[in-house]
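Peer 1: Sharing a structure with you now.
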Amino acid sequence: MAEPDGSLHRQVAWTILRVLVSVAALLAVYFWLPLDRYPSQAAITVLIVGLVLLIVLVAWQVRQIVMDPRPRLRAIEALATTGPLFLILFASTYFEMARFAPHSFSAPLTRADALYFTVTVFSTVGFGDITAKTQTARLVVTGQMIADIVFLGLGLKVIVGAVSRGRQRRRPRDSEDNRAP
């Protein structure tokens, strides 16, 4: 049975609101988290733990996509929240690296600079205004480049596959609803 248009519009509006609130919360945590209280080794540890938690989050979101009556909408929400989280994990690492070893990058990095650098690496634009100078920084940036490819390739494939599975799950029920009594 088809839902009225108002229901879809309401769900789209709630999805947009949840995404905006999630991204705003992630940015607030990134800019206000007291990263200067942690030792330098914590930067890489936080990145690794964060990436593991991100994988767990994506696995949970894939399950939610498959189970949701509107899997495409749930998938858009999943991508719109995991993408910024992924970028913020690397930005936090770069900020910490620059704070503890200022010579790691070609310029001092504020939080905004670290986020900017992360997005330029992710988007493969690489303006060259900020570059990794030390072996450690270059290895972490290389790790981000590899993770970017995996996130984009495998991550999108998994999410699209979940949408397909979610839509297939709904088909038998939809066809039963459309049968005449």
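Going by the structure tokens order, chains are called A, B, ..., each with residues numbered from 1, while ligands are numbered from 1 in the order shown.
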Determine which residues of chain A receive a DSSP assignment of helix (DSSP H, G or I), computed from the backbone, and state them as a ChimeraX atom specification.
Peer 2: /A:5-32,35-37,42-67,71-100,102-104,111-122,135-178
Peer 1: With distances taken over only C-alpha atoms, which of A:Asp113, A:Asp68, A:Asp36, A:Glu77 is nearest to Leu17 (chain A)?
Peer 2: A:Glu77
Peer 1: Dump as CSV the rows for residues of region 38-106 of chain A within 10 Å of region 20-30 of chain A: closest atom pair and distance in Å with one decimal, only C-alpha atoms counted, ordered by chain and rising residue number.
Peer 2:
residue,atom,partner,partner_atom,distance
A:Glu77,CA,A:Ser22,CA,9.7
A:Ala80,CA,A:Val23,CA,8.0
A:Thr81,CA,A:Val23,CA,6.3
A:Thr82,CA,A:Val23,CA,9.2
A:Gly83,CA,A:Val23,CA,9.4
A:Pro84,CA,A:Val23,CA,6.7
A:Leu85,CA,A:Leu26,CA,6.8
A:Ile88,CA,A:Tyr30,CA,6.8
A:Leu89,CA,A:Tyr30,CA,8.7
A:Ala91,CA,A:Tyr30,CA,8.6
A:Ser92,CA,A:Tyr30,CA,7.1
Peer 1: Got time to write the residues from that selection, C-alpha atoms, as a PDB file, in the first residue's frame?
Peer 2:
ATOM      1  CA  GLU A  77      21.949   9.340   6.357  1.00  0.00           C
ATOM      2  CA  ALA A  80      26.316  11.758   5.481  1.00  0.00           C
ATOM      3  CA  THR A  81      27.331  10.974   9.066  1.00  0.00           C
ATOM      4  CA  THR A  82      30.153   8.449   8.648  1.00  0.00           C
ATOM      5  CA  GLY A  83      31.975  10.585   6.066  1.00  0.00           C
ATOM      6  CA  PRO A  84      32.465  13.548   8.406  1.00  0.00           C
ATOM      7  CA  LEU A  85      33.392  11.223  11.281  1.00  0.00           C
ATOM      8  CA  ILE A  88      37.435  14.266  11.736  1.00  0.00           C
ATOM      9  CA  LEU A  89      39.389  11.230  12.953  1.00  0.00           C
ATOM     10  CA  ALA A  91      41.989  15.831  11.241  1.00  0.00           C
ATOM     11  CA  SER A  92      42.332  15.173  14.984  1.00  0.00           C
TER      12      SER A  92
END
Peer 1: Between A:Gly166, A:Ala78, A:Gly126, A:Ala59, which has the minimum distance to Thr15 (chain A) (counting only C-alpha atoms)?
Peer 2: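 Among the listed residues, A:Ala78 lies closest to Thr15 (chain A).
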Peer 1: Which residue gives the smallest distance to Val160 (chain A) among A:Tyr116, A:Pro108, A:Leu79, A:Gly50, with only C-alpha atoms counted?
Peer 2: A:Leu79
Peer 1: When you look at Ile159 (chain A) with a cut-off of 8 Å (counting only C-alpha atoms), what residues show up, excluding the ones that are within fewer than 4 positions of it in the same chain? I need them as a list in words.
Peer 2: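 Using only C-alpha atoms, the neighbours found are Val62, Ile65, Ala75, Gly155 and Val163 of chain A.
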Peer 1: Any chance you can output those residues with C-alpha atoms as a short mmCIF file (atom, residue, chain, number, x, y, z; two decimals), in the first residue's frame?
Peer 2:
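Final file, part_3.cif:
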data_model
loop_
_atom_site.label_atom_id
_atom_site.label_comp_id
_atom_site.auth_asym_id
_atom_site.auth_seq_id
_atom_site.Cartn_x
_atom_site.Cartn_y
_atom_site.Cartn_z
CA VAL A 62 24.30 -1.53 7.24
CA ILE A 65 19.65 0.06 6.19
CA ALA A 75 21.82 4.91 3.42
CA GLY A 155 32.21 1.54 1.91
CA VAL A 163 20.10 -0.79 0.08
#
Peer 1: Let me make sure I understand: among A:Ala43, A:Arg74, A:Leu57, A:Met145, which one has the smallest atom-to-atom distance to Ala101 (chain A) if we use only C-alpha atoms?
Peer 2: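 Ranked by minimum distance to Ala101 (chain A), first place goes to A:Ala43.
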Peer 1: Please, what distance in Å, to one decimal, runs between CA of Phe117 (chain A) and CA of Arg18 (chain A)?
Peer 2: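 Taking CA of Phe117 (chain A) as the start and CA of Arg18 (chain A) as the end point, the length is 26.4 Å.
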Peer 1: Write out as a list of chain:residue names which residues come within 10 Å of region 96-98 of chain A when counting only C-alpha atoms, dropping same-chain ones fewer than 4 positions away.
Peer 2: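 The residues that qualify are A:Leu35, A:Asp36, A:Tyr38, A:Pro39, A:Ser40, A:Gln41, A:Ala42, A:Ala43, A:Ile44, A:Phe90, A:Ala91, A:Ser92, A:Pro102, A:His103, A:Ser104, A:Phe105, A:Ser106, A:Ala107, A:Pro108, A:Leu109, A:Thr110, A:Arg111, A:Ala114, A:Ala132, A:Thr136, A:Ala137, A:Val140.
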Peer 1: Got time to write the residues from that selection, C-alpha atoms, as a PDB file, in the first residue's frame?
Peer 2:
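This is the output file result13.pdb:
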ATOM      1  CA  LEU A  35      43.113  17.298  22.590  1.00  0.00           C
ATOM      2  CA  ASP A  36      46.038  19.086  24.237  1.00  0.00           C
ATOM      3  CA  TYR A  38      46.816  13.779  25.782  1.00  0.00           C
ATOM      4  CA  PRO A  39      50.371  12.564  25.134  1.00  0.00           C
ATOM      5  CA  SER A  40      51.665  12.540  21.568  1.00  0.00           C
ATOM      6  CA  GLN A  41      51.349   8.741  21.246  1.00  0.00           C
ATOM      7  CA  ALA A  42      47.630   9.079  21.844  1.00  0.00           C
ATOM      8  CA  ALA A  43      47.094  10.632  18.400  1.00  0.00           C
ATOM      9  CA  ILE A  44      47.765   7.416  16.474  1.00  0.00           C
ATOM     10  CA  PHE A  90      42.238  12.089  10.582  1.00  0.00           C
ATOM     11  CA  ALA A  91      41.989  15.831  11.241  1.00  0.00           C
ATOM     12  CA  SER A  92      42.332  15.173  14.984  1.00  0.00           C
ATOM     13  CA  PRO A 102      55.522  21.149  14.734  1.00  0.00           C
ATOM     14  CA  HIS A 103      58.033  20.218  12.023  1.00  0.00           C
ATOM     15  CA  SER A 104      55.716  17.375  10.841  1.00  0.00           C
ATOM     16  CA  PHE A 105      53.950  19.692   8.403  1.00  0.00           C
ATOM     17  CA  SER A 106      55.037  22.605   6.254  1.00  0.00           C
ATOM     18  CA  ALA A 107      52.925  24.989   8.334  1.00  0.00           C
ATOM     19  CA  PRO A 108      51.552  25.062  11.870  1.00  0.00           C
ATOM     20  CA  LEU A 109      48.118  23.457  11.991  1.00  0.00           C
ATOM     21  CA  THR A 110      45.140  24.816  13.855  1.00  0.00           C
ATOM     22  CA  ARG A 111      42.104  22.568  14.085  1.00  0.00           C
ATOM     23  CA  ALA A 114      44.011  20.165  10.063  1.00  0.00           C
ATOM     24  CA  ALA A 132      53.695  16.341   5.330  1.00  0.00           C
ATOM     25  CA  THR A 136      55.676   9.731  10.428  1.00  0.00           C
ATOM     26  CA  ALA A 137      53.434  12.428   8.968  1.00  0.00           C
ATOM     27  CA  VAL A 140      49.863   8.748   8.334  1.00  0.00           C
TER      28      VAL A 140
END
Peer 1: Mind giving me the straight-line distance from CA of Val125 (chain A) to CA of Leu87 (chain A) in Å, one decimal?
Peer 2: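 Computing the Euclidean distance for CA of Val125 (chain A) and CA of Leu87 (chain A) yields 14.8 Å.
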Peer 1: I need the residue nearest Arg10 (chain A) from this list: A:Ile146, A:Leu73, A:Val49, A:Leu152. Use only C-alpha atoms for the distance.
Peer 2: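 Checking each candidate against Arg10 (chain A), we get A:Leu73 as the closest.
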Peer 1: Point out the residue among A:Val56, A:Gln64, A:Arg72, A:Thr131 with the least atom-to-atom distance to Leu8 (chain A), counting only C-alpha atoms.
Peer 2: A:Arg72
Peer 1: At what distance in Å, to one decimal, does CA of Phe151 (chain A) lie from CA of Phe127 (chain A)?
Peer 2: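 CA of Phe151 (chain A) lies at a distance of 21.8 Å from CA of Phe127 (chain A).
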